[in-house]
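A quick write-up on the structure given underneath.
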Amino acid sequence: MTEPAAARAGRGPADERGLRRDEPLSRHTSMRVGGPADLFFEVETADDLARRVRFARRRGLPLFVIGGGTNLVVSDRGVRGVVLKLGRSFAATRWSEVPGAVRIEAGGAANLKKLVLETIGRGLGGLEFAEGIPGTVGGGILMNAGAFGGEISGATVGIEGVDRDGELVRIPRADLAFSYRKLALPAGFVVTAVIFEVSPGDPVAIAARAADARSKRGKHQPVGFPNAGSIWKNPSGDFAGRLIQLVGLRGLRVGNAQVAPGHGNFILNLGGARAAEVRELMERIRDAVWRRRGVWLQPEVKLVGDWGRGSFTGARPVV
Ligand SMILES: Cc1cc2nc3c(=O)[nH]c(=O)nc-3n(C[C@H](O)[C@H](O)[C@H](O)COP(=O)(O)OP(=O)(O)OC[C@H]3O[C@@H](n4cnc5c(N)ncnc54)[C@H](O)[C@@H]3O)c2cc1C
């Protein structure tokens, strides 16, 4: 018999407002895989968020923040502890003029694609490279989302959030440690807003750059099946998709998960795939690329939750 979520997650009842127990995370990920979260809170206010963060800390429960779930592979066993999601009230954006630029304060749950389209529509440059990147502003900043030479860090002047003590904190750009597909933040930090600055420019040129990004994306990105975008980071000076093609693994299938026939860096859920199948494909790819090309691929997607065995991102084999 399955142990009740509350018992697995900690002693005593949780405050029930906004709480869902055993919430299937497949509903919250673009790959459409993932088992249940013991305790899933959708929060609508900063106070509520702070309370949930403190709740998890007091009980010694792991805390995971989910955005749009577009960069995640969640295990079939799900996630122990608390999963937090920012609700709709964190999706607002505020626009204001500052000398030489327009400042946007975007809530952590704001839709990144929509925000980028709005900047393009208003003739503001700085985020057009990100045309078409799905997910939220909070997830985008955590991943330092990027494409075609641009990164979200380039337009960022600060963030706001709640730290692991539940305190509201503002961090200026100078103190944000961005790297390729990563923003290093203190453990348990939840981003509630990102402050961007974008510049008024030639609307035609900005729209043309966005159209270029859209057209490149359209050429390379598979459509029609749930996926999590690029599975691997590109190794320095190369492309993960190219290496996977060279070792002949495009189209490889494990159960209902398949390496996209047209792009080696995507794994598709053909329908009802399990996370274990996605992980097995990832392991086969990493091993083949390592053995035959000498490159140890690093995942860009986050493998999240209880996998029941060792960490996926383990060290490269010693030769
Ligand atoms: C079709 C497709 C195309 C894609 N193309 C690109 C691309 O061109 N470039 C690119 O960089 N990515 C791309 N991605 C990957 C993904 O969209 C980005 O990484 C995106 O920025 C993730 O945002 P998210 O809200 O979905 O975050 P999630 O996937 O939910 O989470 C990602 C990470 O951010 C953390 N997180 C999320 N929200 C918060 C928050 N508020 N506070 C603290 N931590 C948080 C999570 O804990 C997790 O560690 C693509 C994905 C798909 C499905």
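In the structure tokens, chains take letters A, B, ... by order of appearance, with residues numbered from 1 within each chain and ligands from 1 in the order shown.
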Legend entry - Secondary structure check, strand (DSSP E or B) residues of range 62-298 of chain A, as a PyMOL selection string: chain A and resi 63-66+72-74+79-86+93-98+101-107+111+124-125+136+146-147+150-151+156-162+168-172+177-179+182-184+190-200+232+253-254+257-259+267-269
Go ahead and save the picked residues with C-alpha atoms, as a PDB file, in the first residue's frame.
```pdb
ATOM      1  CA  LEU A  63      12.006  22.049  -1.907  1.00  0.00           C
ATOM      2  CA  PHE A  64      11.805  22.192  -5.670  1.00  0.00           C
ATOM      3  CA  VAL A  65      10.487  25.131  -7.694  1.00  0.00           C
ATOM      4  CA  ILE A  66       8.837  24.338 -10.993  1.00  0.00           C
ATOM      5  CA  LEU A  72      12.733  19.001 -16.938  1.00  0.00           C
ATOM      6  CA  VAL A  73      12.727  15.226 -16.949  1.00  0.00           C
ATOM      7  CA  VAL A  74      10.905  14.256 -13.753  1.00  0.00           C
ATOM      8  CA  VAL A  79       9.471  14.182  -6.206  1.00  0.00           C
ATOM      9  CA  ARG A  80       9.654  13.782  -2.441  1.00  0.00           C
ATOM     10  CA  GLY A  81       9.004  16.828  -0.307  1.00  0.00           C
ATOM     11  CA  VAL A  82       7.563  20.101  -1.542  1.00  0.00           C
ATOM     12  CA  VAL A  83       7.148  21.352  -5.104  1.00  0.00           C
ATOM     13  CA  LEU A  84       6.301  25.047  -5.409  1.00  0.00           C
ATOM     14  CA  LYS A  85       4.790  26.739  -8.405  1.00  0.00           C
ATOM     15  CA  LEU A  86       4.189  30.468  -8.731  1.00  0.00           C
ATOM     16  CA  THR A  93       4.730  42.686 -16.085  1.00  0.00           C
ATOM     17  CA  ARG A  94       5.376  46.400 -15.344  1.00  0.00           C
ATOM     18  CA  TRP A  95       6.958  48.629 -17.986  1.00  0.00           C
ATOM     19  CA  SER A  96       8.606  51.982 -17.276  1.00  0.00           C
ATOM     20  CA  GLU A  97      10.990  54.345 -19.021  1.00  0.00           C
ATOM     21  CA  VAL A  98      14.498  54.898 -17.701  1.00  0.00           C
ATOM     22  CA  ALA A 101      15.982  52.153 -22.078  1.00  0.00           C
ATOM     23  CA  VAL A 102      12.707  50.591 -21.056  1.00  0.00           C
ATOM     24  CA  ARG A 103      12.668  48.699 -17.795  1.00  0.00           C
ATOM     25  CA  ILE A 104      10.450  45.649 -17.466  1.00  0.00           C
ATOM     26  CA  GLU A 105       9.686  44.102 -14.129  1.00  0.00           C
ATOM     27  CA  ALA A 106       8.398  40.675 -15.063  1.00  0.00           C
ATOM     28  CA  GLY A 107       6.912  38.274 -12.528  1.00  0.00           C
ATOM     29  CA  ASN A 111       5.364  33.609 -19.993  1.00  0.00           C
ATOM     30  CA  LEU A 124      12.468  47.220 -28.160  1.00  0.00           C
ATOM     31  CA  GLY A 125      15.702  45.324 -28.756  1.00  0.00           C
ATOM     32  CA  THR A 136       8.493  31.163 -17.564  1.00  0.00           C
ATOM     33  CA  GLY A 146      19.685  31.430 -24.796  1.00  0.00           C
ATOM     34  CA  ALA A 147      19.665  30.906 -28.515  1.00  0.00           C
ATOM     35  CA  GLY A 150      22.055  35.609 -27.189  1.00  0.00           C
ATOM     36  CA  GLU A 151      21.429  34.892 -23.515  1.00  0.00           C
ATOM     37  CA  THR A 156      18.915  41.426 -17.059  1.00  0.00           C
ATOM     38  CA  VAL A 157      19.600  44.150 -14.498  1.00  0.00           C
ATOM     39  CA  GLY A 158      18.454  42.339 -11.368  1.00  0.00           C
ATOM     40  CA  ILE A 159      16.164  39.798  -9.786  1.00  0.00           C
ATOM     41  CA  GLU A 160      13.870  39.600  -6.795  1.00  0.00           C
ATOM     42  CA  GLY A 161      12.994  36.561  -4.814  1.00  0.00           C
ATOM     43  CA  VAL A 162      12.549  34.780  -1.554  1.00  0.00           C
ATOM     44  CA  LEU A 168      12.373  38.943   0.305  1.00  0.00           C
ATOM     45  CA  VAL A 169      15.674  39.765  -1.392  1.00  0.00           C
ATOM     46  CA  ARG A 170      16.703  41.867  -4.399  1.00  0.00           C
ATOM     47  CA  ILE A 171      19.939  40.919  -6.165  1.00  0.00           C
ATOM     48  CA  PRO A 172      21.533  43.401  -8.598  1.00  0.00           C
ATOM     49  CA  ALA A 177      26.774  34.669 -11.487  1.00  0.00           C
ATOM     50  CA  PHE A 178      25.609  33.660 -14.955  1.00  0.00           C
ATOM     51  CA  SER A 179      27.277  31.033 -17.122  1.00  0.00           C
ATOM     52  CA  LYS A 182      23.055  28.519 -15.630  1.00  0.00           C
ATOM     53  CA  LEU A 183      22.485  31.133 -12.973  1.00  0.00           C
ATOM     54  CA  ALA A 184      24.092  30.127  -9.683  1.00  0.00           C
ATOM     55  CA  VAL A 190      12.748  31.309  -5.456  1.00  0.00           C
ATOM     56  CA  VAL A 191      12.782  33.987  -8.154  1.00  0.00           C
ATOM     57  CA  THR A 192       9.622  36.079  -7.950  1.00  0.00           C
ATOM     58  CA  ALA A 193      10.588  38.724 -10.522  1.00  0.00           C
ATOM     59  CA  VAL A 194      13.255  39.584 -13.058  1.00  0.00           C
ATOM     60  CA  ILE A 195      14.112  43.146 -14.001  1.00  0.00           C
ATOM     61  CA  PHE A 196      15.115  43.576 -17.629  1.00  0.00           C
ATOM     62  CA  GLU A 197      16.239  46.609 -19.582  1.00  0.00           C
ATOM     63  CA  VAL A 198      15.633  46.678 -23.313  1.00  0.00           C
ATOM     64  CA  SER A 199      16.483  49.444 -25.760  1.00  0.00           C
ATOM     65  CA  PRO A 200      14.319  51.301 -28.230  1.00  0.00           C
ATOM     66  CA  TRP A 232      22.416  18.242 -23.902  1.00  0.00           C
ATOM     67  CA  ARG A 253      13.872   4.276 -29.573  1.00  0.00           C
ATOM     68  CA  VAL A 254      13.448   2.928 -26.045  1.00  0.00           C
ATOM     69  CA  ALA A 257      10.795   7.626 -26.082  1.00  0.00           C
ATOM     70  CA  GLN A 258      12.751   8.352 -29.235  1.00  0.00           C
ATOM     71  CA  VAL A 259      15.749  10.416 -30.290  1.00  0.00           C
ATOM     72  CA  ILE A 267      14.087  13.258 -27.253  1.00  0.00           C
ATOM     73  CA  LEU A 268      10.422  12.870 -28.117  1.00  0.00           C
ATOM     74  CA  ASN A 269       7.636  11.358 -26.076  1.00  0.00           C
TER      75      ASN A 269
END
```
Leaving out range 216-218 of chain A and any residue of its chain fewer than 2 positions from it, which residues lie within 10 Å of it when counting only C-alpha atoms, given as a compact mmCIF listing (two decimals) with C-alpha atoms, in the first residue's frame?
```
# COMPACT_ATOMS: atom_id res chain seq x y z
CA GLU A 131 11.74 34.39 -29.75
CA GLY A 132 10.08 31.00 -29.27
CA ILE A 133 11.77 29.86 -26.05
CA ALA A 147 19.67 30.91 -28.51
CA PHE A 148 21.57 31.97 -31.60
CA ALA A 210 13.22 37.86 -34.48
CA ALA A 211 12.00 36.45 -37.80
CA ASP A 212 15.47 35.05 -38.43
CA ALA A 213 15.45 33.34 -35.02
CA ARG A 214 11.95 31.98 -35.70
CA HIS A 220 15.74 22.55 -36.65
CA GLN A 221 13.17 21.97 -33.94
CA PRO A 222 10.96 18.89 -34.15
CA VAL A 223 7.23 19.51 -33.82
```
Legend entry - Residues near range 238-243 of chain A, cut-off 8 Å, only C-alpha atoms, skip fewer than 3 positions along chain, as an MDAnalysis selection string: chainID A and resid 232:235 246:247 263:266 289 293 297
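All residues within range 46-186 of chain A that the backbone DSSP calculation assigns to alpha helix (DSSP H) are Ala46, Asp47, Asp48, Leu49, Ala50, Arg51, Arg52, Val53, Arg54, Phe55, Ala56, Arg57, Arg58, Leu112, Lys113, Lys114, Leu115, Val116, Leu117, Glu118, Thr119, Ile120, Gly121, Val137, Gly138, Gly139, Gly140, Ile141 and Leu142 of chain A.
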Grab the residues selected above and save them as a compact mmCIF listing (two decimals), in the first residue's frame with C-alpha atoms.
```txt
# COMPACT_ATOMS: atom_id res chain seq x y z
CA ALA A 46 4.86 36.67 -1.64
CA ASP A 47 3.71 36.07 1.95
CA ASP A 48 2.24 32.71 1.04
CA LEU A 49 5.43 31.82 -0.81
CA ALA A 50 7.58 32.79 2.19
CA ARG A 51 5.35 30.70 4.46
CA ARG A 52 5.71 27.62 2.22
CA VAL A 53 9.47 28.04 2.02
CA ARG A 54 9.68 28.25 5.82
CA PHE A 55 7.32 25.28 6.15
CA ALA A 56 9.64 23.13 4.03
CA ARG A 57 12.71 24.33 5.91
CA ARG A 58 11.19 23.76 9.36
CA LEU A 112 8.75 34.25 -21.60
CA LYS A 113 7.52 33.79 -25.18
CA LYS A 114 4.75 36.36 -24.68
CA LEU A 115 7.10 38.83 -23.03
CA VAL A 116 9.61 38.56 -25.86
CA LEU A 117 6.89 39.03 -28.48
CA GLU A 118 5.70 42.13 -26.68
CA THR A 119 9.18 43.67 -26.68
CA ILE A 120 9.46 42.98 -30.41
CA GLY A 121 6.01 44.48 -31.01
CA VAL A 137 10.68 34.16 -16.81
CA GLY A 138 11.78 32.48 -13.54
CA GLY A 139 12.85 29.29 -15.31
CA GLY A 140 14.46 31.32 -18.09
CA ILE A 141 16.67 33.24 -15.68
CA LEU A 142 17.64 30.09 -13.75
```
Spatial neighbours of Ser89 in chain A, max dist 10 Å, only C-alpha atoms, sep filter under 5 positions, as a tab-separated table (two decimals) with C-alpha atoms, in the first residue's frame:
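Contents of the output file part-v8.tsv:
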```tsv
chain	number	residue	atom	x	y	z
A	43	VAL	CA	1.29	30.18	-4.37
A	44	GLU	CA	-0.33	33.50	-5.21
A	45	THR	CA	1.33	35.99	-2.85
A	46	ALA	CA	4.86	36.67	-1.64
A	107	GLY	CA	6.91	38.27	-12.53
A	108	GLY	CA	8.61	34.90	-12.18
A	109	ALA	CA	5.59	33.12	-13.65
A	110	ALA	CA	5.32	35.43	-16.68
```
Inset, instruction - Extract, using only C-alpha atoms, all DNA, RNA and protein residues at most 6 Å from Ser30 in chain A, discarding same-chain residues fewer than 6 positions from it, and format them as a PyMOL selection string. - result: chain A and resi 69-70+226-228
Legend entry - Two-atom distance - CA of Gly188 in chain A, CA of Gly35 in chain A (Å):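 Those two atoms sit 21.6 Å apart.
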Legend entry - Nearest-residue call for ligand 1, choices A:Ile231, A:Leu249, A:Val33, A:Ile206, using only C-alpha atoms and all ligand atoms: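 Of A:Ile231, A:Leu249, A:Val33, A:Ile206, the one nearest ligand 1, counting only C-alpha atoms and all ligand atoms, is A:Ile231.
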Inset, instruction - May I ask which of the residues A:Arg250, A:Arg279, A:His28, A:Arg88 is the closest one to ligand 1, counting only C-alpha atoms and all ligand atoms? - result: A:His28
Legend entry - CA of Gly305 in chain A to CA of Gly78 in chain A, straight-line distance in Å: 5.5 Å
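The shortest atom-to-atom distance to ligand 1, with only C-alpha atoms and all ligand atoms taken into account, belongs to A:Gly229 out of A:Pro62, A:Gly271, A:Gly229, A:Gly123.
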Legend entry - Pick from A:Pro99, A:Gly149, A:Pro24, A:Gly135 nearest to ligand 1, counting only C-alpha atoms and all ligand atoms: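 Result for the nearest residue to ligand 1: A:Gly135.
Taking CA of Glu300 in chain A and CA of Ser230 in chain A as endpoints, the distance between them is 6.7 Å.
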